[in-house]
Amino acid sequence: MRRPTARCLWLTQRLGKWTMMGLAVLLLAGCADQISEAPALRFDQHRTWRDYGGGPDQSKYVELAQLTPENVGNLEMAWFYPTGDDNVYQFNPLIVDSVMYVLAKDNSLVALDARTGEEVWIHAHLRGIARRGINYWESADRADRRLLFQMNDYLQAIDARTGQSILTFGENGLVNLRAGLDRDPATVVRAQGSTPGKIFENLLILGSSPGENYLSAPGHIRAYDVVTGELVWTFRTIPHPGEYGYDTWPEDAYRYVGGVNTWGEISIDAARGIAFVPTGSPTYDYYGADRIGSNLFGNSLLALDARTGERLWHYQTVHHDLWDYDAAAAPQLITIRKDGEAMDAVAVATKHGFLFVFDRETGEPVWPIEERPVPPSEVPGEQAWPTQPFPTVVPPFARQNMTVDDLTPFFLSPDERTEWEARLDTLIQAGRTGLFTPLSDKHETLAVPGAVGGASWGNTASNPDEGIVYVYSIDWPSFYPRLERRDAEPEGNAVPSAFPIFRGRDLYAQICQSCHGSAQSGTAVAPSLIGMERRFSFDHFQQIVRSGQGEMPAFAHLTDEDVRGLYRFLGGTRSGQVVEEPAGPVVATGGAPGGQAARWVITPGGRRGAPYPEDVEVNDVRYFINGWGLGHAYIIRPPWSSLTAYDLNTGTIKWTRAVGLDQHAAAEGGTDTGVPQAQRNGMIVTSTGLVFSTAKDGKIYAFDAETGEERWSGDLPTGTEGLPALYEVGGRPYLVVTATTPLEWGRQDNGAGTEDPRPQGGYVVFSLPQ
């Protein structure tokens with residue numbers, strides 16, 4: 001039994017507009033066999049926000065009538081729920097019936113009345129929980145309703161009505177995510193992802209974030225039974241012998257190569273039972289002499305049978321990635337009109353600024369994609385892939401190069417401008433710029449939109465029936481330093497693990513000091529770390545380092561021993577903070593009874609990483625990069641963050657506009673600048689013609705979906721990260737935004753030359769007046 005194809009649904013929805021009833025009957029007859037067999041969905045995915053990203057298809061699209069471009073200017077704050085701590089949350093609230101689920105109060109799951117913000121229950125102290133969201137599932141009769149979440153590399157479930165752990169799930173309430181990754185679980189540094197998986201029927205389909213160092217674990221896609229916790233299927237993203245794609249790797253690569261993981265967002269075509277899964281690069285990200293080949297299924301869009309994990313089709317957007325060009329944004333499932341006929345398509349946006357569009361069932365590109373020659377690598381042992389795919393019709397949504405004319409008009413003195421002009425001219429003349437110029441062991445390399453630029457998680461949305469896709473992106477050039485060869489521990493870093501504080505000292509100087517200052521007291525771009533141990537438990541600190549926060553990029557390549565050393569150096573101890581019960585209706589504390597806290601997995605080999613298996617032949621030379629060259633966010637002219645609307649019926653851009661206003665550039669006369677370093681923002685699209693978008697300037701905006709014109713902006717007490725949500729209770733629409741991120745990294749000038757304390761962060765809920 002299968003659902004009707006979206007083409008039949010498209011025709012059915014539009015038959016009311018046709019007067020030729022005979023033709024209508026014939027068309028319906030062609031779909032009748034599918035419609036009669038289609039099982040009813042338990043709810044309309046576009047009328048609720050029960051899942052991360054709104055629903056299975058991740059369109060962030062909501063059908064409602066009450067909120068329009070004409071009245072959106074009347075939105076006002078209906079209620080505010082403070083988180084009660086200084087943590088930065090990226091959490092996407094879920095709303096089921098009249099209950100909202102949020103993360104607050106020292107990483108506690110809290111159930112709120114979605115109309116008032118009144119607390120219903122608190123499951124306290126879930127330190128180590130995946131930061132961006134959770135999953136909701138209910139049985140057909142609604143007797144069983146549960147929330148599923150990742151925490152400290154385990155999968156857990158709690159009762160959505162009571163907040164109590166479900167101990168029949170897995171083993172005493174736990175499923176070990178380190179198991180089943182073709183590695184000894186004791187050596188897997190990390191298995192859970194920061195982003196929740198997707199529910200399909202009785203399955204939870206999960207990606208992971210296993211790290212980005214040499215010999216990280218592979219990022220296989222896995223599906224678990226939501227009732228029992230049983231592992232139902234696994235799709236190996238690094239193929240084993242005999243599996244499709246095995247010949248695109250060295251013979252034994254599956255035994256030591258890691259990554260090829262989905263740390264971003266999965267989309268589900270519930271009608272067809274297809275999971276669309278974007279994957280990241282193999283490890284190590286910037287040097288691949290131990291993985292010569294095109295490296296399937298790295299940097300790919302996978303179409304998997306959601307029930308079995310079987311590969312239906314794939315497309316690789318980057319071959320043998322040497323630039324960390326992960327695909328992380330949710331694939332958008334749309335219906336377009338091409339050559340006069342309806343076509344169900346899928347569009348995936350990438351970190352390097354391209355939008356790829358395919359037939360959803362066959363995987364054929366909707367418009368031609370060309371393989372074009374790209375530069376070779378000059379690093380010994382490396383073999384860059386000779387060509388890369390370029391869309392030919394759909395324009396890129398981000399800038400992909402930078403010249404002297406692209407230097408910012410702000411902030412540079414005449415001498416600084418002269419220096420930057422010379423630096424750029426040198427890079428251009430030496431051929432050290434471009435999307436696919438491999439990093440060098442001899443020279444600096446420039447890449448735009450940069451290591452954390454382009455589109456990332458949360459950055460895509462759509463009007464699925466109309467074929468309109470929205471992409472939020474940033475341009476943040478990476479001036480990569482040269483790669484450094486490391487055959488053994490560098491002098492001064494070969495420190496016994498019993499003395500991690502010295503390792504932390506050296507790492508701080510290499511990757512932290514330029515932003516936080518040599519005395520840890522903070523700078524204009526980063527906060528003070530003095531007293532850090534009083535604010536962050538180790539688990540919370542580890543999450544921030546691994547996943548990033550605010551303008552701080554993720555340092556996912558660091559080993560657990562590296563992170564421990566940094567924490568010790570900054571004054572923290574393994575025991576972390578004193579835990580106090582939050583005020584309110586606490587029904588449970590911590591993970592499931594018998595649960596496992598985050599634990600150290602010490603990888604032999606120090607900062608060079610673990611050794612290769614003894615019985616494999618492999619090029620064991622290793623190159624590393626110090627940082628991501630992100631110290632110059634302002635150096636390119638604005639806009640620094642943009643929203644682009646695509647009409648994929650024609651493959652053209654409808655409009656592009658800046659999102660947000662940088663206060664420093666505004667002081668120099670800047671307008672429509674966008675905001676630098678504006679990662680981790682999200683959107684909502686409404687059936688009435690609005691696009692809501694968060695920004696990094698302490699506001700949420702509403703734009704006209706047709707023109708991009710700003711219709712409204714709402715002030716937030718702090719900055720924001722993560723996805724907003726839109727829902728309806730009792731006929732009244734509500735818009736909720738997670739606002740917990742410091743603006744400009746901490747305290748704000750009150751206009752009198754002094755600083756006010758950081759405002760209280762929390763969940764801001766807007767609505768129309770009663």
# chains A, B, ... in the order shown; residues from 1 in each chain; ligands from 1
>>> residues_around(residues="stretch 375-381 of chain A", least_positions_apart="4", cutoff="10 Å", atoms="only C-alpha atoms", output="PDB file with N, CA and C atoms, in the first residue's frame")
ATOM      1  N   TYR A 287      42.409  17.090   4.330  1.00  0.00           N
ATOM      2  CA  TYR A 287      43.509  16.321   3.740  1.00  0.00           C
ATOM      3  C   TYR A 287      43.059  14.877   3.647  1.00  0.00           C
ATOM      4  N   GLY A 288      43.105  14.313   2.434  1.00  0.00           N
ATOM      5  CA  GLY A 288      42.523  12.996   2.225  1.00  0.00           C
ATOM      6  C   GLY A 288      43.439  11.993   1.584  1.00  0.00           C
ATOM      7  N   ALA A 289      44.733  12.010   1.921  1.00  0.00           N
ATOM      8  CA  ALA A 289      45.655  11.054   1.315  1.00  0.00           C
ATOM      9  C   ALA A 289      45.356   9.620   1.733  1.00  0.00           C
ATOM     10  N   ASP A 290      44.646   9.434   2.855  1.00  0.00           N
ATOM     11  CA  ASP A 290      44.296   8.089   3.289  1.00  0.00           C
ATOM     12  C   ASP A 290      42.933   7.650   2.755  1.00  0.00           C
ATOM     13  N   ILE A 292      41.948   8.233  -0.892  1.00  0.00           N
ATOM     14  CA  ILE A 292      41.973   8.577  -2.311  1.00  0.00           C
ATOM     15  C   ILE A 292      40.754   7.974  -3.007  1.00  0.00           C
ATOM     16  N   LEU A 322      37.695  18.312   0.246  1.00  0.00           N
ATOM     17  CA  LEU A 322      38.884  18.837   0.940  1.00  0.00           C
ATOM     18  C   LEU A 322      38.605  20.199   1.558  1.00  0.00           C
ATOM     19  N   TRP A 385      40.092  15.405  -6.527  1.00  0.00           N
ATOM     20  CA  TRP A 385      39.297  14.913  -7.650  1.00  0.00           C
ATOM     21  C   TRP A 385      39.349  15.943  -8.777  1.00  0.00           C
ATOM     22  N   PRO A 386      39.532  15.519 -10.034  1.00  0.00           N
ATOM     23  CA  PRO A 386      39.810  16.471 -11.121  1.00  0.00           C
ATOM     24  C   PRO A 386      38.631  17.347 -11.517  1.00  0.00           C
ATOM     25  N   THR A 387      37.386  16.919 -11.207  1.00  0.00           N
ATOM     26  CA  THR A 387      36.217  17.724 -11.579  1.00  0.00           C
ATOM     27  C   THR A 387      35.278  17.840 -10.378  1.00  0.00           C
ATOM     28  N   GLY A 431      46.713  32.248  -7.586  1.00  0.00           N
ATOM     29  CA  GLY A 431      45.711  31.219  -7.796  1.00  0.00           C
ATOM     30  C   GLY A 431      45.279  30.522  -6.521  1.00  0.00           C
ATOM     31  N   ARG A 432      45.307  31.262  -5.401  1.00  0.00           N
ATOM     32  CA  ARG A 432      44.981  30.663  -4.107  1.00  0.00           C
ATOM     33  C   ARG A 432      43.573  31.020  -3.652  1.00  0.00           C
ATOM     34  N   GLY A 434      39.137  30.575  -4.749  1.00  0.00           N
ATOM     35  CA  GLY A 434      38.201  29.787  -5.538  1.00  0.00           C
ATOM     36  C   GLY A 434      37.528  28.704  -4.718  1.00  0.00           C
ATOM     37  N   LEU A 435      36.341  28.291  -5.180  1.00  0.00           N
ATOM     38  CA  LEU A 435      35.549  27.296  -4.454  1.00  0.00           C
ATOM     39  C   LEU A 435      36.301  25.993  -4.230  1.00  0.00           C
ATOM     40  N   PHE A 436      37.038  25.546  -5.244  1.00  0.00           N
ATOM     41  CA  PHE A 436      37.618  24.217  -5.191  1.00  0.00           C
ATOM     42  C   PHE A 436      39.142  24.255  -5.295  1.00  0.00           C
ATOM     43  N   THR A 437      39.762  25.321  -4.781  1.00  0.00           N
ATOM     44  CA  THR A 437      41.218  25.360  -4.686  1.00  0.00           C
ATOM     45  C   THR A 437      41.630  24.654  -3.409  1.00  0.00           C
ATOM     46  N   PRO A 438      42.317  23.508  -3.497  1.00  0.00           N
ATOM     47  CA  PRO A 438      42.678  22.775  -2.278  1.00  0.00           C
ATOM     48  C   PRO A 438      43.608  23.592  -1.394  1.00  0.00           C
ATOM     49  N   LEU A 439      43.519  23.374  -0.093  1.00  0.00           N
ATOM     50  CA  LEU A 439      44.426  24.031   0.827  1.00  0.00           C
ATOM     51  C   LEU A 439      45.854  23.584   0.537  1.00  0.00           C
ATOM     52  N   SER A 440      46.795  24.407   0.967  1.00  0.00           N
ATOM     53  CA  SER A 440      48.198  24.190   0.633  1.00  0.00           C
ATOM     54  C   SER A 440      49.022  24.028   1.906  1.00  0.00           C
ATOM     55  N   ASP A 441      50.149  23.325   1.769  1.00  0.00           N
ATOM     56  CA  ASP A 441      51.101  23.256   2.878  1.00  0.00           C
ATOM     57  C   ASP A 441      52.155  24.341   2.758  1.00  0.00           C
ATOM     58  N   LYS A 442      52.002  25.210   1.763  1.00  0.00           N
ATOM     59  CA  LYS A 442      53.003  26.262   1.538  1.00  0.00           C
ATOM     60  C   LYS A 442      52.417  27.658   1.600  1.00  0.00           C
ATOM     61  N   LEU A 483      48.447  24.252   5.648  1.00  0.00           N
ATOM     62  CA  LEU A 483      48.388  22.980   6.358  1.00  0.00           C
ATOM     63  C   LEU A 483      49.737  22.660   6.985  1.00  0.00           C
ATOM     64  N   ARG A 485      52.175  19.652   8.559  1.00  0.00           N
ATOM     65  CA  ARG A 485      52.410  18.208   8.671  1.00  0.00           C
ATOM     66  C   ARG A 485      52.749  17.861  10.113  1.00  0.00           C
ATOM     67  N   ASN A 619      48.584   5.480   3.503  1.00  0.00           N
ATOM     68  CA  ASN A 619      49.446   6.649   3.626  1.00  0.00           C
ATOM     69  C   ASN A 619      49.167   7.282   4.978  1.00  0.00           C
ATOM     70  N   ASP A 620      50.078   7.125   5.933  1.00  0.00           N
ATOM     71  CA  ASP A 620      49.809   7.575   7.295  1.00  0.00           C
ATOM     72  C   ASP A 620      50.378   8.954   7.606  1.00  0.00           C
ATOM     73  N   VAL A 621      50.773   9.707   6.550  1.00  0.00           N
ATOM     74  CA  VAL A 621      51.156  11.104   6.757  1.00  0.00           C
ATOM     75  C   VAL A 621      49.904  11.907   7.077  1.00  0.00           C
ATOM     76  N   ARG A 622      49.994  12.803   8.025  1.00  0.00           N
ATOM     77  CA  ARG A 622      48.817  13.583   8.423  1.00  0.00           C
ATOM     78  C   ARG A 622      49.141  15.071   8.416  1.00  0.00           C
ATOM     79  N   TYR A 623      48.236  15.819   7.789  1.00  0.00           N
ATOM     80  CA  TYR A 623      48.301  17.268   7.809  1.00  0.00           C
ATOM     81  C   TYR A 623      47.097  17.797   8.592  1.00  0.00           C
TER      82      TYR A 623
END
>>> residues_around(residues="A:Asp359", least_positions_apart="2", cutoff="8 Å", atoms="only C-alpha atoms", output="MDAnalysis selection string")
chainID A and resid 343:346 357 361:366
>>> write_last_selection(atoms="N, CA, C and O atoms", output="PDB file, in the first residue's frame")
ATOM      1  N   MET A 343       5.869  18.181 -11.422  1.00  0.00           N
ATOM      2  CA  MET A 343       6.971  17.284 -11.078  1.00  0.00           C
ATOM      3  C   MET A 343       7.248  17.426  -9.585  1.00  0.00           C
ATOM      4  O   MET A 343       7.379  18.529  -9.071  1.00  0.00           O
ATOM      5  N   ASP A 344       7.352  16.288  -8.906  1.00  0.00           N
ATOM      6  CA  ASP A 344       7.760  16.301  -7.511  1.00  0.00           C
ATOM      7  C   ASP A 344       9.280  16.332  -7.469  1.00  0.00           C
ATOM      8  O   ASP A 344       9.949  15.458  -8.036  1.00  0.00           O
ATOM      9  N   ALA A 345       9.816  17.332  -6.798  1.00  0.00           N
ATOM     10  CA  ALA A 345      11.260  17.551  -6.796  1.00  0.00           C
ATOM     11  C   ALA A 345      11.771  17.662  -5.367  1.00  0.00           C
ATOM     12  O   ALA A 345      11.000  17.787  -4.410  1.00  0.00           O
ATOM     13  N   VAL A 346      13.098  17.615  -5.228  1.00  0.00           N
ATOM     14  CA  VAL A 346      13.759  17.847  -3.957  1.00  0.00           C
ATOM     15  C   VAL A 346      14.931  18.770  -4.222  1.00  0.00           C
ATOM     16  O   VAL A 346      15.680  18.593  -5.193  1.00  0.00           O
ATOM     17  N   VAL A 357      18.801  20.627  -7.543  1.00  0.00           N
ATOM     18  CA  VAL A 357      17.394  20.265  -7.641  1.00  0.00           C
ATOM     19  C   VAL A 357      17.260  18.979  -8.459  1.00  0.00           C
ATOM     20  O   VAL A 357      17.806  18.870  -9.560  1.00  0.00           O
ATOM     21  N   GLU A 361      11.675  11.151  -7.330  1.00  0.00           N
ATOM     22  CA  GLU A 361      11.589   9.703  -7.417  1.00  0.00           C
ATOM     23  C   GLU A 361      12.797   9.073  -8.093  1.00  0.00           C
ATOM     24  O   GLU A 361      13.247   7.995  -7.703  1.00  0.00           O
ATOM     25  N   THR A 362      13.352   9.743  -9.101  1.00  0.00           N
ATOM     26  CA  THR A 362      14.432   9.135  -9.888  1.00  0.00           C
ATOM     27  C   THR A 362      15.818   9.645  -9.523  1.00  0.00           C
ATOM     28  O   THR A 362      16.814   8.981  -9.815  1.00  0.00           O
ATOM     29  N   GLY A 363      15.898  10.839  -8.940  1.00  0.00           N
ATOM     30  CA  GLY A 363      17.193  11.437  -8.649  1.00  0.00           C
ATOM     31  C   GLY A 363      17.826  12.138  -9.833  1.00  0.00           C
ATOM     32  O   GLY A 363      18.947  12.652  -9.728  1.00  0.00           O
ATOM     33  N   GLU A 364      17.124  12.192 -10.971  1.00  0.00           N
ATOM     34  CA  GLU A 364      17.663  12.894 -12.134  1.00  0.00           C
ATOM     35  C   GLU A 364      17.647  14.402 -11.886  1.00  0.00           C
ATOM     36  O   GLU A 364      16.653  14.938 -11.380  1.00  0.00           O
ATOM     37  N   PRO A 365      18.722  15.117 -12.232  1.00  0.00           N
ATOM     38  CA  PRO A 365      18.706  16.575 -12.081  1.00  0.00           C
ATOM     39  C   PRO A 365      17.590  17.205 -12.913  1.00  0.00           C
ATOM     40  O   PRO A 365      17.360  16.811 -14.066  1.00  0.00           O
ATOM     41  N   VAL A 366      16.911  18.160 -12.336  1.00  0.00           N
ATOM     42  CA  VAL A 366      15.845  18.859 -13.054  1.00  0.00           C
ATOM     43  C   VAL A 366      16.443  19.693 -14.172  1.00  0.00           C
ATOM     44  O   VAL A 366      15.863  19.828 -15.253  1.00  0.00           O
TER      45      VAL A 366
END
>>> residues_around(residues="A:Lys105", least_positions_apart="3", cutoff="6 Å", atoms="only C-alpha atoms", output="ChimeraX atom specification")
/A:83-85,108
>>> select_by_dssp(residues="stretch 109-164 of chain A", states="strand (DSSP E or B)", output="list in words")
Leu109, Val110, Ala111, Leu112, Asp113, Glu119, Val120, Trp121, Ile122, His123, Ala124, Ile129, Asn135, Tyr136, Trp137, Glu138, Arg145, Arg146, Leu147, Leu148, Phe149, Gln150, Met151, Tyr154, Leu155, Gln156, Ala157, Ile158 and Asp159 of chain A
>>> closest_residue(among="A:Gln383, A:Gln156, A:Gln150, A:Asn213", to="A:Phe169", atoms="only C-alpha atoms")
A:Gln156
>>> residues_around(residues="A:Leu103", least_positions_apart="5", cutoff="8 Å", atoms="only C-alpha atoms", output="PDB file with all heavy atoms, in the first residue's frame")
ATOM      1  N   THR A  83      14.319  31.197  30.904  1.00  0.00           N
ATOM      2  CA  THR A  83      14.970  29.900  31.064  1.00  0.00           C
ATOM      3  C   THR A  83      15.532  29.704  32.464  1.00  0.00           C
ATOM      4  O   THR A  83      15.790  28.570  32.870  1.00  0.00           O
ATOM      5  CB  THR A  83      16.115  29.732  30.053  1.00  0.00           C
ATOM      6  OG1 THR A  83      17.065  30.789  30.230  1.00  0.00           O
ATOM      7  CG2 THR A  83      15.580  29.755  28.638  1.00  0.00           C
ATOM      8  N   TYR A  89      20.541  28.392  24.442  1.00  0.00           N
ATOM      9  CA  TYR A  89      19.770  27.279  23.902  1.00  0.00           C
ATOM     10  C   TYR A  89      19.494  27.516  22.426  1.00  0.00           C
ATOM     11  O   TYR A  89      19.161  28.622  22.019  1.00  0.00           O
ATOM     12  CB  TYR A  89      18.448  27.131  24.656  1.00  0.00           C
ATOM     13  CG  TYR A  89      18.617  26.712  26.106  1.00  0.00           C
ATOM     14  CD1 TYR A  89      18.467  27.630  27.141  1.00  0.00           C
ATOM     15  CD2 TYR A  89      18.941  25.403  26.422  1.00  0.00           C
ATOM     16  CE1 TYR A  89      18.625  27.254  28.462  1.00  0.00           C
ATOM     17  CE2 TYR A  89      19.106  25.006  27.747  1.00  0.00           C
ATOM     18  CZ  TYR A  89      18.951  25.940  28.764  1.00  0.00           C
ATOM     19  OH  TYR A  89      19.116  25.556  30.072  1.00  0.00           O
ATOM     20  N   PHE A  91      17.189  25.505  20.955  1.00  0.00           N
ATOM     21  CA  PHE A  91      16.102  24.537  20.960  1.00  0.00           C
ATOM     22  C   PHE A  91      14.916  25.002  20.126  1.00  0.00           C
ATOM     23  O   PHE A  91      14.471  26.141  20.223  1.00  0.00           O
ATOM     24  CB  PHE A  91      15.656  24.315  22.403  1.00  0.00           C
ATOM     25  CG  PHE A  91      14.799  23.101  22.599  1.00  0.00           C
ATOM     26  CD1 PHE A  91      15.367  21.850  22.728  1.00  0.00           C
ATOM     27  CD2 PHE A  91      13.422  23.212  22.669  1.00  0.00           C
ATOM     28  CE1 PHE A  91      14.583  20.727  22.920  1.00  0.00           C
ATOM     29  CE2 PHE A  91      12.632  22.092  22.867  1.00  0.00           C
ATOM     30  CZ  PHE A  91      13.211  20.845  22.995  1.00  0.00           C
ATOM     31  N   PRO A  93      11.136  24.649  19.923  1.00  0.00           N
ATOM     32  CA  PRO A  93      10.005  24.157  20.722  1.00  0.00           C
ATOM     33  C   PRO A  93       9.058  23.310  19.881  1.00  0.00           C
ATOM     34  O   PRO A  93       8.845  23.562  18.693  1.00  0.00           O
ATOM     35  CB  PRO A  93       9.324  25.451  21.190  1.00  0.00           C
ATOM     36  CG  PRO A  93      10.374  26.510  21.089  1.00  0.00           C
ATOM     37  CD  PRO A  93      11.217  26.117  19.919  1.00  0.00           C
ATOM     38  N   SER A 108      16.832  21.286  31.409  1.00  0.00           N
ATOM     39  CA  SER A 108      15.676  20.481  31.791  1.00  0.00           C
ATOM     40  C   SER A 108      14.638  20.552  30.675  1.00  0.00           C
ATOM     41  O   SER A 108      14.448  21.597  30.058  1.00  0.00           O
ATOM     42  CB  SER A 108      15.050  21.011  33.083  1.00  0.00           C
ATOM     43  OG  SER A 108      15.994  21.050  34.137  1.00  0.00           O
ATOM     44  N   LEU A 109      13.961  19.441  30.426  1.00  0.00           N
ATOM     45  CA  LEU A 109      12.810  19.469  29.538  1.00  0.00           C
ATOM     46  C   LEU A 109      11.617  19.965  30.339  1.00  0.00           C
ATOM     47  O   LEU A 109      11.321  19.439  31.422  1.00  0.00           O
ATOM     48  CB  LEU A 109      12.528  18.084  28.962  1.00  0.00           C
ATOM     49  CG  LEU A 109      13.356  17.687  27.740  1.00  0.00           C
ATOM     50  CD1 LEU A 109      13.082  16.245  27.344  1.00  0.00           C
ATOM     51  CD2 LEU A 109      13.098  18.621  26.570  1.00  0.00           C
ATOM     52  N   VAL A 110      10.924  20.973  29.804  1.00  0.00           N
ATOM     53  CA  VAL A 110       9.815  21.599  30.513  1.00  0.00           C
ATOM     54  C   VAL A 110       8.588  21.579  29.608  1.00  0.00           C
ATOM     55  O   VAL A 110       8.667  21.966  28.436  1.00  0.00           O
ATOM     56  CB  VAL A 110      10.149  23.047  30.913  1.00  0.00           C
ATOM     57  CG1 VAL A 110       9.015  23.652  31.734  1.00  0.00           C
ATOM     58  CG2 VAL A 110      11.462  23.105  31.688  1.00  0.00           C
TER      59      VAL A 110
END
>>> residues_around(residues="stretch 246-262 of chain A", least_positions_apart="4", cutoff="9 Å", atoms="only C-alpha atoms", output="count of residues only")
54
>>> atom_distance(atom1="atom CA of A:Pro742", atom2="atom CA of A:Arg115")
26.8 Å
>>> closest_residue(among="A:Gly128, A:Pro373, A:Gly629, A:Pro585", to="A:Phe479", atoms="only C-alpha atoms")
A:Gly629
>>> closest_residue(among="A:Ala695, A:Leu690, A:Ile468, A:Ile369", to="A:Trp712", atoms="only C-alpha atoms")
A:Leu690
>>> residues_around(residues="A:Val659", least_positions_apart="5", cutoff="8 Å", atoms="only C-alpha atoms", output="ChimeraX atom specification")
/A:641-643,672-675,693,695
>>> write_last_selection(atoms="N, CA, C and O atoms", output="PDB file, in the first residue's frame")
ATOM      1  N   SER A 641      24.604  38.585   5.778  1.00  0.00           N
ATOM      2  CA  SER A 641      23.618  37.510   5.859  1.00  0.00           C
ATOM      3  C   SER A 641      22.435  37.871   4.973  1.00  0.00           C
ATOM      4  O   SER A 641      22.004  39.026   4.935  1.00  0.00           O
ATOM      5  N   SER A 642      21.921  36.886   4.242  1.00  0.00           N
ATOM      6  CA  SER A 642      20.909  37.151   3.217  1.00  0.00           C
ATOM      7  C   SER A 642      19.847  36.064   3.212  1.00  0.00           C
ATOM      8  O   SER A 642      20.085  34.928   3.629  1.00  0.00           O
ATOM      9  N   LEU A 643      18.690  36.431   2.688  1.00  0.00           N
ATOM     10  CA  LEU A 643      17.598  35.496   2.442  1.00  0.00           C
ATOM     11  C   LEU A 643      17.276  35.543   0.952  1.00  0.00           C
ATOM     12  O   LEU A 643      17.031  36.614   0.398  1.00  0.00           O
ATOM     13  N   ASP A 672      20.936  47.882   5.320  1.00  0.00           N
ATOM     14  CA  ASP A 672      20.764  46.568   4.688  1.00  0.00           C
ATOM     15  C   ASP A 672      22.053  45.756   4.698  1.00  0.00           C
ATOM     16  O   ASP A 672      22.481  45.198   3.684  1.00  0.00           O
ATOM     17  N   THR A 673      22.671  45.695   5.857  1.00  0.00           N
ATOM     18  CA  THR A 673      23.984  45.052   5.944  1.00  0.00           C
ATOM     19  C   THR A 673      23.901  43.555   6.211  1.00  0.00           C
ATOM     20  O   THR A 673      24.845  42.828   5.912  1.00  0.00           O
ATOM     21  N   GLY A 674      22.776  43.088   6.779  1.00  0.00           N
ATOM     22  CA  GLY A 674      22.821  41.761   7.355  1.00  0.00           C
ATOM     23  C   GLY A 674      23.733  41.792   8.563  1.00  0.00           C
ATOM     24  O   GLY A 674      24.228  42.851   8.980  1.00  0.00           O
ATOM     25  N   VAL A 675      23.986  40.618   9.132  1.00  0.00           N
ATOM     26  CA  VAL A 675      24.803  40.540  10.343  1.00  0.00           C
ATOM     27  C   VAL A 675      25.922  39.527  10.124  1.00  0.00           C
ATOM     28  O   VAL A 675      25.660  38.400   9.695  1.00  0.00           O
ATOM     29  N   SER A 693      11.825  35.240   9.768  1.00  0.00           N
ATOM     30  CA  SER A 693      13.228  34.850   9.871  1.00  0.00           C
ATOM     31  C   SER A 693      13.837  35.472  11.110  1.00  0.00           C
ATOM     32  O   SER A 693      13.633  36.661  11.380  1.00  0.00           O
ATOM     33  N   ALA A 695      17.301  36.608  13.220  1.00  0.00           N
ATOM     34  CA  ALA A 695      18.541  37.265  12.813  1.00  0.00           C
ATOM     35  C   ALA A 695      19.469  37.289  14.018  1.00  0.00           C
ATOM     36  O   ALA A 695      19.125  36.813  15.096  1.00  0.00           O
TER      37      ALA A 695
END
>>> residues_around(residues="A:Gln66", least_positions_apart="3", cutoff="12 Å", atoms="only C-alpha atoms", output="list of chain:residue names")
A:Val62, A:Glu63, A:Pro69, A:Glu70, A:Asn71, A:Val72, A:Asn74, A:Leu75, A:Thr686, A:Ser687, A:Thr688, A:Gly689, A:Leu690, A:Leu726, A:Tyr727, A:Glu728, A:Val729, A:Gly730, A:Gly731, A:Arg732, A:Pro733, A:Tyr734, A:Ser767, A:Leu768, A:Pro769
>>> decode(residues="stretch 621-627 of chain A", atoms="N, CA, C and O atoms", output="PDB file, in the first residue's frame")
ATOM      1  N   VAL A 621      50.773   9.707   6.550  1.00  0.00           N
ATOM      2  CA  VAL A 621      51.156  11.104   6.757  1.00  0.00           C
ATOM      3  C   VAL A 621      49.904  11.907   7.077  1.00  0.00           C
ATOM      4  O   VAL A 621      48.844  11.698   6.467  1.00  0.00           O
ATOM      5  N   ARG A 622      49.994  12.803   8.025  1.00  0.00           N
ATOM      6  CA  ARG A 622      48.817  13.583   8.423  1.00  0.00           C
ATOM      7  C   ARG A 622      49.141  15.071   8.416  1.00  0.00           C
ATOM      8  O   ARG A 622      50.162  15.504   8.945  1.00  0.00           O
ATOM      9  N   TYR A 623      48.236  15.819   7.789  1.00  0.00           N
ATOM     10  CA  TYR A 623      48.301  17.268   7.809  1.00  0.00           C
ATOM     11  C   TYR A 623      47.097  17.797   8.592  1.00  0.00           C
ATOM     12  O   TYR A 623      46.003  17.218   8.554  1.00  0.00           O
ATOM     13  N   PHE A 624      47.305  18.904   9.285  1.00  0.00           N
ATOM     14  CA  PHE A 624      46.255  19.533  10.071  1.00  0.00           C
ATOM     15  C   PHE A 624      46.187  21.017   9.736  1.00  0.00           C
ATOM     16  O   PHE A 624      47.152  21.606   9.220  1.00  0.00           O
ATOM     17  N   ILE A 625      45.070  21.611  10.065  1.00  0.00           N
ATOM     18  CA  ILE A 625      44.924  23.055   9.904  1.00  0.00           C
ATOM     19  C   ILE A 625      44.621  23.662  11.260  1.00  0.00           C
ATOM     20  O   ILE A 625      43.873  23.094  12.063  1.00  0.00           O
ATOM     21  N   ASN A 626      45.242  24.792  11.528  1.00  0.00           N
ATOM     22  CA  ASN A 626      45.019  25.499  12.777  1.00  0.00           C
ATOM     23  C   ASN A 626      43.861  26.470  12.612  1.00  0.00           C
ATOM     24  O   ASN A 626      44.018  27.560  12.066  1.00  0.00           O
ATOM     25  N   GLY A 627      42.691  26.083  13.039  1.00  0.00           N
ATOM     26  CA  GLY A 627      41.533  26.961  12.915  1.00  0.00           C
ATOM     27  C   GLY A 627      40.948  26.938  11.514  1.00  0.00           C
ATOM     28  O   GLY A 627      41.346  26.168  10.656  1.00  0.00           O
TER      29      GLY A 627
END
